[in-house]
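Colleague: Dropping the structure in here first, questions after.
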Amino acid sequence: MKFRWPREAELCLKSVGSVAGMLDDKTGKRLSVREKESCRDVVTEVDLAVERRLRAILADSGYPVIGEELAPHVRAQGSGGCWFLDPIDGTANYLNNIPLYGVSVGFVADSDFVVGAVVLPALRELYFVSDCGEAYMNGTRLQMKSAMLRDSLIGVSFSGKAVNSEWRDKEFELFGRLNDKSRGCMRTGSAALNACYVAAGKMQVAVGFNNKIWDVAGALSVAKAAGCRLYCRIDWAANRLTYVIGSDGAAEAVALEIEQAMNIGFGAGKEVAES
Amino acid sequence: MRDVVIIGAGAIGRGFLPWAFDVSEYRLTFVDANPHLVQMMRQRGEYITYRTRGGKYEMKCIQTPNVYALADYSVGMTPDPAIVFMCVGPRNCASAASVLRGVKCPVVMCENDPETVTTVKDVLSVDCVYFAIPDVITSNSASPEHLAGDPLSIHTEDGVLFIDERAKSIEGSIRYCDEVELKKQWAAKLYLHNTPHCIAAYLGAIIGARYLHEAMQNKQVADIVNGAMNEMLTALKLRWDIPHDFLDWYAGKEIQRFSNVLLFDPISRVAREPLRKLELGGRLIGAAQMCLVLGFVPKNLLTGIVSALLFASKDDSDKHLAFVRRSLNSKMLLTYIVGLRTGEVLETVLEEWYPKISEELEALASTARKVVV
């Protein structure tokens, strides 16, 4: 089947490529930091500058743009597609000179994650969906390999603010349980990085509990294009989703654990359950 | 009669290797990943390989009673082979090697990358894997007239096969050599053949040529290729302890080979996988870095690098290169896709020269189009 979004793929990669250098050097710079939902959810002037640049480029596409830092924050209804962007996913890491952060741009069409690009500038890694719908990291094609849960590394991303304390307790309990059933769970501080690492086979599963769609739209598109299995529940109005993405076998096992623990149902594979 | 297994029935495997030994003394087994090729070889039962020598063709008819698809083959199906040749392309070695699990005879890597020896050793957990250098240009095709008679026919030069002497197990027109000689031959092949050869192909693609000899008939292309060859000669003479008369002789014969009108070597074959040709430390980037370290800017090599970045073929496994080139600026292209470090000399020089070289190559393409019209 011919890929329907070559123009969007090109614009997506172009936008991410144009801002990669903006995150490069903050040596000696004193960044102002503002907390949002919690002390873990912070924003700097670099976030804002990057988002402005991204919005300026994506505006040419004719599709609505929803970004983390600047208005509007509501998904347009009835549109054929929408951009979701996160100017820096992993801002806390960025502030602390931990190289696990990136810029993420994703395009969602018909409730599906179809196009994405994520740059991790400190690691010199660029993940993207090509104009043929294939996934790449720099020059190398990415293709998912199957894995069992016991052989898997799992990246987990929690929401900046707990939905409620009972849900949060279950999330942490699941983290421990999955940790003991696998090669280990990691909290890297960047949901986009986790999903990109899954696409690249560095991790085998990425999980996000009530993440913002803009955090992961780009990376989920890349991971899907690499052939990874996606299970997710999306609340478009709230711009949130809970998801599992990863290798055949391991992702299904993790999704099952979460369904049972949280008493929720995912859409399997290409289907997306909507809240 | 002993068996010889050839993994990869392409240019080297089908075209050149049967000239390297007396095929009447061995049973040949061909293994290839292309099911269409396997089917054709089985159906036809034979093919012709043509060798160019003294301006004429010599021909050899090769019987193909034993042809397997890679997915269906394991080395146990060939009892006690004398030797296994692998010529599948460096990117395919790891996956192709799995069919050789349990091999006991020498495995000879006729690949354009000595690292493939380590790769295959790791896959097979054996030590009997050795490097070989087919010093030859072999097409993966033939002239239209020959193809009309035999769609499997293939053209090769009269080349030389250098093999690590530790792999000696068959006789033939083979030069078994020690490590020192092999290193010398590899340095010459990598920088005096592979480097200018791929540059000729990328420039040929820019002017719309179909075969490499057509590219070399364009004066501007020939000048750049000759210029790159001279840059490599300068670098090798400064950097390596290799006799200069050998290097000069080698360079001279290469330019002649590129212009061989009998070979019908497709640009698409020589130019394929541009990102592999652009890999760090390789025939383009490594070559240019060597020149810069030695104190001179290799303008023709830089032109070769940019021409490789401009290569676009929908059928190539690196087809996404055209997409990233459209989407990214030159800095992103050089640092993320090629992998150069920001601020390193080659990155800085290429960024500075990229626009000018791109204009020159556009002018080259434009001039070539006018000639056609």
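Labels for the structure tokens follow display order: chains A, B, ..., residues from 1 in each chain, ligands from 1.
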Residues of chain B within 9 Å of chain A, using only C-alpha atoms, as an MDAnalysis selection string?
Modeller: chainID B and resid 275 318 320:321 323:324 326:329 332:333 335:339
Colleague: Write out as a list of chain:residue names each polymer residue whose atoms come within 10 Å of Arg166 of chain B, counting only C-alpha atoms; drop sequence neighbours fewer than 6 positions from it.
Modeller: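 After dropping sequence-adjacent residues, the list is B:Pro106, B:Cys128, B:Val129, B:Tyr130, B:Phe131, B:Tyr176, B:Cys177, B:Asp178, B:Glu179.
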Colleague: Could you please take those selected residues and save N, CA, C and O atoms as a PDB file, in the first residue's frame?
Modeller:
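Contents of out-v7.pdb, freshly written:
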```
ATOM      1  N   PRO B 106      37.851 -23.629   4.688  1.00  0.00           N
ATOM      2  CA  PRO B 106      38.050 -22.173   4.682  1.00  0.00           C
ATOM      3  C   PRO B 106      36.858 -21.446   4.072  1.00  0.00           C
ATOM      4  O   PRO B 106      36.303 -21.870   3.061  1.00  0.00           O
ATOM      5  N   CYS B 128      38.251 -20.159  10.737  1.00  0.00           N
ATOM      6  CA  CYS B 128      38.659 -20.421   9.355  1.00  0.00           C
ATOM      7  C   CYS B 128      37.980 -19.488   8.354  1.00  0.00           C
ATOM      8  O   CYS B 128      37.454 -19.927   7.331  1.00  0.00           O
ATOM      9  N   VAL B 129      37.990 -18.194   8.661  1.00  0.00           N
ATOM     10  CA  VAL B 129      37.399 -17.198   7.764  1.00  0.00           C
ATOM     11  C   VAL B 129      38.514 -16.251   7.358  1.00  0.00           C
ATOM     12  O   VAL B 129      39.255 -15.751   8.211  1.00  0.00           O
ATOM     13  N   TYR B 130      38.637 -16.007   6.066  1.00  0.00           N
ATOM     14  CA  TYR B 130      39.792 -15.263   5.567  1.00  0.00           C
ATOM     15  C   TYR B 130      39.366 -14.202   4.561  1.00  0.00           C
ATOM     16  O   TYR B 130      38.332 -14.322   3.911  1.00  0.00           O
ATOM     17  N   PHE B 131      40.227 -13.210   4.425  1.00  0.00           N
ATOM     18  CA  PHE B 131      39.933 -12.097   3.525  1.00  0.00           C
ATOM     19  C   PHE B 131      40.498 -12.390   2.141  1.00  0.00           C
ATOM     20  O   PHE B 131      41.547 -13.018   2.010  1.00  0.00           O
ATOM     21  N   TYR B 176      47.866 -16.467  -3.591  1.00  0.00           N
ATOM     22  CA  TYR B 176      47.812 -16.578  -2.133  1.00  0.00           C
ATOM     23  C   TYR B 176      48.949 -15.729  -1.580  1.00  0.00           C
ATOM     24  O   TYR B 176      50.084 -15.822  -2.037  1.00  0.00           O
ATOM     25  N   CYS B 177      48.611 -14.869  -0.608  1.00  0.00           N
ATOM     26  CA  CYS B 177      49.659 -13.976  -0.129  1.00  0.00           C
ATOM     27  C   CYS B 177      49.606 -13.809   1.381  1.00  0.00           C
ATOM     28  O   CYS B 177      48.610 -14.104   2.030  1.00  0.00           O
ATOM     29  N   ASP B 178      50.726 -13.319   1.898  1.00  0.00           N
ATOM     30  CA  ASP B 178      50.818 -13.144   3.348  1.00  0.00           C
ATOM     31  C   ASP B 178      50.123 -11.847   3.759  1.00  0.00           C
ATOM     32  O   ASP B 178      49.646 -11.070   2.924  1.00  0.00           O
ATOM     33  N   GLU B 179      50.125 -11.622   5.067  1.00  0.00           N
ATOM     34  CA  GLU B 179      49.367 -10.496   5.617  1.00  0.00           C
ATOM     35  C   GLU B 179      49.886  -9.160   5.085  1.00  0.00           C
ATOM     36  O   GLU B 179      49.103  -8.252   4.777  1.00  0.00           O
TER      37      GLU B 179
END
```
Colleague: A:Ser221, A:Asn179, A:Asn210, A:Asn164: which is nearest Ile245 of chain A, counting only C-alpha atoms?
Modeller: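 Among the listed residues, A:Ser221 lies closest to Ile245 of chain A.
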Colleague: With a distance cut-off of 12 Å and only C-alpha atoms, select the neighbouring residues of Asn230 of chain B, excluding the residue or stretch itself and same-chain residues fewer than 6 positions from it, and output the selection as a list in words.
Modeller: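 Answer for this query is Tyr191, Leu192, His193, Thr195, Pro196, Asp223, Ile224, Leu236, Lys237, Leu247, Asp248, Tyr250, Ala251, Gly252, Glu254, Ile255, Cys291, Pro298, Lys299, Asn300 and Leu301 of chain B.
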Colleague: Would you give me, as a PyMOL selection string, the residues in segment 41-273 of chain A that DSSP reads as helix (DSSP H, G or I)?
Modeller: chain A and resi 45-61+91-95+121-123+149-151+165-181+191-200+213-225+250-262
Colleague: Could you jot down the atom CA of Asp164 of chain B to atom CA of Pro134 of chain B separation for me, Å, one decimal place?
Modeller: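 Straight-line distance from atom CA of Asp164 of chain B to atom CA of Pro134 of chain B works out to 11.7 Å.
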Colleague: Using the chain letters and numbers from this document, which residues of segment 124-334 of chain B does DSSP assign to strand (DSSP E or B), as a PyMOL selection string?
Modeller: chain B and resi 129-135+138+154-157+160-164+174-177+211+266
Colleague: Those residues with N, CA, C and O atoms, as a PDB file, in the first residue's frame please?
Modeller:
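Result went into again_17.pdb, see below:
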```
ATOM      1  N   VAL B 129      37.990 -18.194   8.661  1.00  0.00           N
ATOM      2  CA  VAL B 129      37.399 -17.198   7.764  1.00  0.00           C
ATOM      3  C   VAL B 129      38.514 -16.251   7.358  1.00  0.00           C
ATOM      4  O   VAL B 129      39.255 -15.751   8.211  1.00  0.00           O
ATOM      5  N   TYR B 130      38.637 -16.007   6.066  1.00  0.00           N
ATOM      6  CA  TYR B 130      39.792 -15.263   5.567  1.00  0.00           C
ATOM      7  C   TYR B 130      39.366 -14.202   4.561  1.00  0.00           C
ATOM      8  O   TYR B 130      38.332 -14.322   3.911  1.00  0.00           O
ATOM      9  N   PHE B 131      40.227 -13.210   4.425  1.00  0.00           N
ATOM     10  CA  PHE B 131      39.933 -12.097   3.525  1.00  0.00           C
ATOM     11  C   PHE B 131      40.498 -12.390   2.141  1.00  0.00           C
ATOM     12  O   PHE B 131      41.547 -13.018   2.010  1.00  0.00           O
ATOM     13  N   ALA B 132      39.775 -11.924   1.146  1.00  0.00           N
ATOM     14  CA  ALA B 132      40.247 -12.035  -0.233  1.00  0.00           C
ATOM     15  C   ALA B 132      39.984 -10.725  -0.951  1.00  0.00           C
ATOM     16  O   ALA B 132      39.054  -9.989  -0.588  1.00  0.00           O
ATOM     17  N   ILE B 133      40.776 -10.451  -1.943  1.00  0.00           N
ATOM     18  CA  ILE B 133      40.601  -9.217  -2.705  1.00  0.00           C
ATOM     19  C   ILE B 133      40.475  -9.588  -4.185  1.00  0.00           C
ATOM     20  O   ILE B 133      41.478  -9.926  -4.829  1.00  0.00           O
ATOM     21  N   PRO B 134      39.249  -9.574  -4.693  1.00  0.00           N
ATOM     22  CA  PRO B 134      39.117  -9.739  -6.139  1.00  0.00           C
ATOM     23  C   PRO B 134      39.492  -8.420  -6.798  1.00  0.00           C
ATOM     24  O   PRO B 134      38.715  -7.467  -6.758  1.00  0.00           O
ATOM     25  N   ASP B 135      40.709  -8.360  -7.323  1.00  0.00           N
ATOM     26  CA  ASP B 135      41.149  -7.131  -7.979  1.00  0.00           C
ATOM     27  C   ASP B 135      40.621  -7.157  -9.407  1.00  0.00           C
ATOM     28  O   ASP B 135      41.321  -7.536 -10.349  1.00  0.00           O
ATOM     29  N   THR B 138      33.804  -6.338 -12.192  1.00  0.00           N
ATOM     30  CA  THR B 138      32.855  -7.281 -12.795  1.00  0.00           C
ATOM     31  C   THR B 138      31.484  -6.631 -12.804  1.00  0.00           C
ATOM     32  O   THR B 138      31.022  -6.149 -11.769  1.00  0.00           O
ATOM     33  N   ILE B 154      27.120 -12.519 -18.140  1.00  0.00           N
ATOM     34  CA  ILE B 154      27.721 -11.531 -17.244  1.00  0.00           C
ATOM     35  C   ILE B 154      29.124 -11.220 -17.753  1.00  0.00           C
ATOM     36  O   ILE B 154      29.785 -12.074 -18.353  1.00  0.00           O
ATOM     37  N   HIS B 155      29.572  -9.983 -17.570  1.00  0.00           N
ATOM     38  CA  HIS B 155      30.882  -9.551 -18.060  1.00  0.00           C
ATOM     39  C   HIS B 155      31.835  -9.327 -16.904  1.00  0.00           C
ATOM     40  O   HIS B 155      31.467  -8.746 -15.893  1.00  0.00           O
ATOM     41  N   THR B 156      33.069  -9.707 -17.123  1.00  0.00           N
ATOM     42  CA  THR B 156      34.100  -9.417 -16.140  1.00  0.00           C
ATOM     43  C   THR B 156      35.371  -9.025 -16.855  1.00  0.00           C
ATOM     44  O   THR B 156      35.551  -9.300 -18.047  1.00  0.00           O
ATOM     45  N   GLU B 157      36.245  -8.369 -16.108  1.00  0.00           N
ATOM     46  CA  GLU B 157      37.586  -8.106 -16.623  1.00  0.00           C
ATOM     47  C   GLU B 157      38.445  -9.338 -16.389  1.00  0.00           C
ATOM     48  O   GLU B 157      38.046 -10.269 -15.697  1.00  0.00           O
ATOM     49  N   VAL B 160      42.609 -10.318 -10.947  1.00  0.00           N
ATOM     50  CA  VAL B 160      43.451 -11.174 -10.102  1.00  0.00           C
ATOM     51  C   VAL B 160      42.750 -11.376  -8.773  1.00  0.00           C
ATOM     52  O   VAL B 160      42.199 -10.425  -8.210  1.00  0.00           O
ATOM     53  N   LEU B 161      42.766 -12.599  -8.286  1.00  0.00           N
ATOM     54  CA  LEU B 161      42.164 -12.888  -6.990  1.00  0.00           C
ATOM     55  C   LEU B 161      43.273 -13.101  -5.964  1.00  0.00           C
ATOM     56  O   LEU B 161      44.055 -14.050  -6.071  1.00  0.00           O
ATOM     57  N   PHE B 162      43.367 -12.189  -5.003  1.00  0.00           N
ATOM     58  CA  PHE B 162      44.330 -12.330  -3.909  1.00  0.00           C
ATOM     59  C   PHE B 162      43.602 -12.955  -2.722  1.00  0.00           C
ATOM     60  O   PHE B 162      42.541 -12.472  -2.329  1.00  0.00           O
ATOM     61  N   ILE B 163      44.166 -13.988  -2.153  1.00  0.00           N
ATOM     62  CA  ILE B 163      43.544 -14.651  -0.996  1.00  0.00           C
ATOM     63  C   ILE B 163      44.595 -14.837   0.100  1.00  0.00           C
ATOM     64  O   ILE B 163      45.768 -15.142  -0.195  1.00  0.00           O
ATOM     65  N   ASP B 164      44.165 -14.649   1.314  1.00  0.00           N
ATOM     66  CA  ASP B 164      45.019 -14.920   2.477  1.00  0.00           C
ATOM     67  C   ASP B 164      45.582 -16.344   2.350  1.00  0.00           C
ATOM     68  O   ASP B 164      44.838 -17.305   2.175  1.00  0.00           O
ATOM     69  N   ILE B 174      45.059 -17.908  -8.737  1.00  0.00           N
ATOM     70  CA  ILE B 174      44.852 -17.261  -7.443  1.00  0.00           C
ATOM     71  C   ILE B 174      46.217 -16.917  -6.896  1.00  0.00           C
ATOM     72  O   ILE B 174      47.139 -17.727  -6.980  1.00  0.00           O
ATOM     73  N   ARG B 175      46.338 -15.694  -6.335  1.00  0.00           N
ATOM     74  CA  ARG B 175      47.592 -15.336  -5.677  1.00  0.00           C
ATOM     75  C   ARG B 175      47.370 -15.399  -4.171  1.00  0.00           C
ATOM     76  O   ARG B 175      46.756 -14.517  -3.589  1.00  0.00           O
ATOM     77  N   TYR B 176      47.866 -16.467  -3.591  1.00  0.00           N
ATOM     78  CA  TYR B 176      47.812 -16.578  -2.133  1.00  0.00           C
ATOM     79  C   TYR B 176      48.949 -15.729  -1.580  1.00  0.00           C
ATOM     80  O   TYR B 176      50.084 -15.822  -2.037  1.00  0.00           O
ATOM     81  N   CYS B 177      48.611 -14.869  -0.608  1.00  0.00           N
ATOM     82  CA  CYS B 177      49.659 -13.976  -0.129  1.00  0.00           C
ATOM     83  C   CYS B 177      49.606 -13.809   1.381  1.00  0.00           C
ATOM     84  O   CYS B 177      48.610 -14.104   2.030  1.00  0.00           O
ATOM     85  N   TYR B 211      26.182   3.421 -18.083  1.00  0.00           N
ATOM     86  CA  TYR B 211      27.338   2.570 -17.796  1.00  0.00           C
ATOM     87  C   TYR B 211      28.532   3.424 -17.415  1.00  0.00           C
ATOM     88  O   TYR B 211      28.651   4.586 -17.796  1.00  0.00           O
ATOM     89  N   PRO B 266      27.035  -1.368 -15.007  1.00  0.00           N
ATOM     90  CA  PRO B 266      26.011  -0.356 -14.758  1.00  0.00           C
ATOM     91  C   PRO B 266      26.403   0.615 -13.641  1.00  0.00           C
ATOM     92  O   PRO B 266      26.926   0.202 -12.607  1.00  0.00           O
TER      93      PRO B 266
END
```
Colleague: Just the residues within 8 Å of Val198 of chain A, please, counting only C-alpha atoms, with nothing from its chain fewer than 5 positions along; format it as a PyMOL selection string.
Modeller: chain A and resi 203-206+223+228+245-247
Colleague: Separation of atom CA of Gln63 of chain B and atom CA of Pro18 of chain B, in Å?
Modeller: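 Atom CA of Pro18 of chain B lies 10.5 Å from atom CA of Gln63 of chain B.
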Colleague: Using only C-alpha atoms, which of the listed residues (B:Ile48, B:Met41, B:Leu152, B:Leu203) sits closest to Ala271 of chain B?
Modeller: B:Leu203
Colleague: What is the distance between atom CA of Val349 of chain B and atom CA of Ser268 of chain B, in Å to one decimal?
Modeller: 28.5 Å
Colleague: Using only C-alpha atoms, determine which residues lie at most 12 Å from Gly295 of chain B, disregarding the query and same-chain residues fewer than 3 positions distant; provide the list as a compact mmCIF listing (two decimals) with N, CA, C and O atoms, in the first residue's frame.
Modeller:
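To be explicit, this is the file written out as selection-v8.txt:
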```
# COMPACT_ATOMS: atom_id res chain seq x y z
N GLU B 231 44.89 12.77 -5.92
CA GLU B 231 44.84 13.11 -4.49
C GLU B 231 45.12 11.86 -3.65
O GLU B 231 45.85 11.90 -2.66
N THR B 234 48.83 10.97 -3.86
CA THR B 234 49.62 11.85 -2.99
C THR B 234 49.52 11.38 -1.54
O THR B 234 50.52 11.27 -0.83
N ALA B 235 48.30 11.10 -1.12
CA ALA B 235 48.09 10.70 0.28
C ALA B 235 48.77 9.37 0.60
O ALA B 235 49.44 9.22 1.62
N LEU B 238 52.49 9.65 0.95
CA LEU B 238 52.91 10.30 2.20
C LEU B 238 52.66 9.40 3.40
O LEU B 238 53.42 9.38 4.36
N ARG B 239 51.55 8.68 3.34
CA ARG B 239 51.07 8.02 4.56
C ARG B 239 51.54 6.57 4.71
O ARG B 239 51.77 6.10 5.82
N ALA B 288 39.15 11.24 2.44
CA ALA B 288 39.24 12.70 2.56
C ALA B 288 39.89 13.10 3.88
O ALA B 288 40.70 14.03 3.93
N GLN B 289 39.54 12.40 4.94
CA GLN B 289 40.15 12.70 6.24
C GLN B 289 41.65 12.45 6.21
O GLN B 289 42.43 13.21 6.79
N MET B 290 42.06 11.40 5.51
CA MET B 290 43.49 11.10 5.40
C MET B 290 44.22 12.27 4.73
O MET B 290 45.28 12.70 5.17
N CYS B 291 43.62 12.80 3.66
CA CYS B 291 44.24 13.92 2.95
C CYS B 291 44.34 15.15 3.85
O CYS B 291 45.37 15.84 3.89
N LEU B 292 43.28 15.42 4.58
CA LEU B 292 43.28 16.61 5.44
C LEU B 292 44.33 16.48 6.55
O LEU B 292 45.02 17.44 6.87
N PRO B 298 41.43 17.92 -0.39
CA PRO B 298 41.22 17.14 -1.62
C PRO B 298 39.93 17.57 -2.32
O PRO B 298 38.87 16.95 -2.11
N VAL B 345 37.49 18.79 11.19
CA VAL B 345 37.99 19.49 10.00
C VAL B 345 37.16 19.17 8.76
O VAL B 345 36.74 20.07 8.02
N LEU B 346 36.90 17.90 8.53
CA LEU B 346 36.18 17.53 7.31
C LEU B 346 34.77 18.10 7.32
O LEU B 346 34.26 18.56 6.29
```
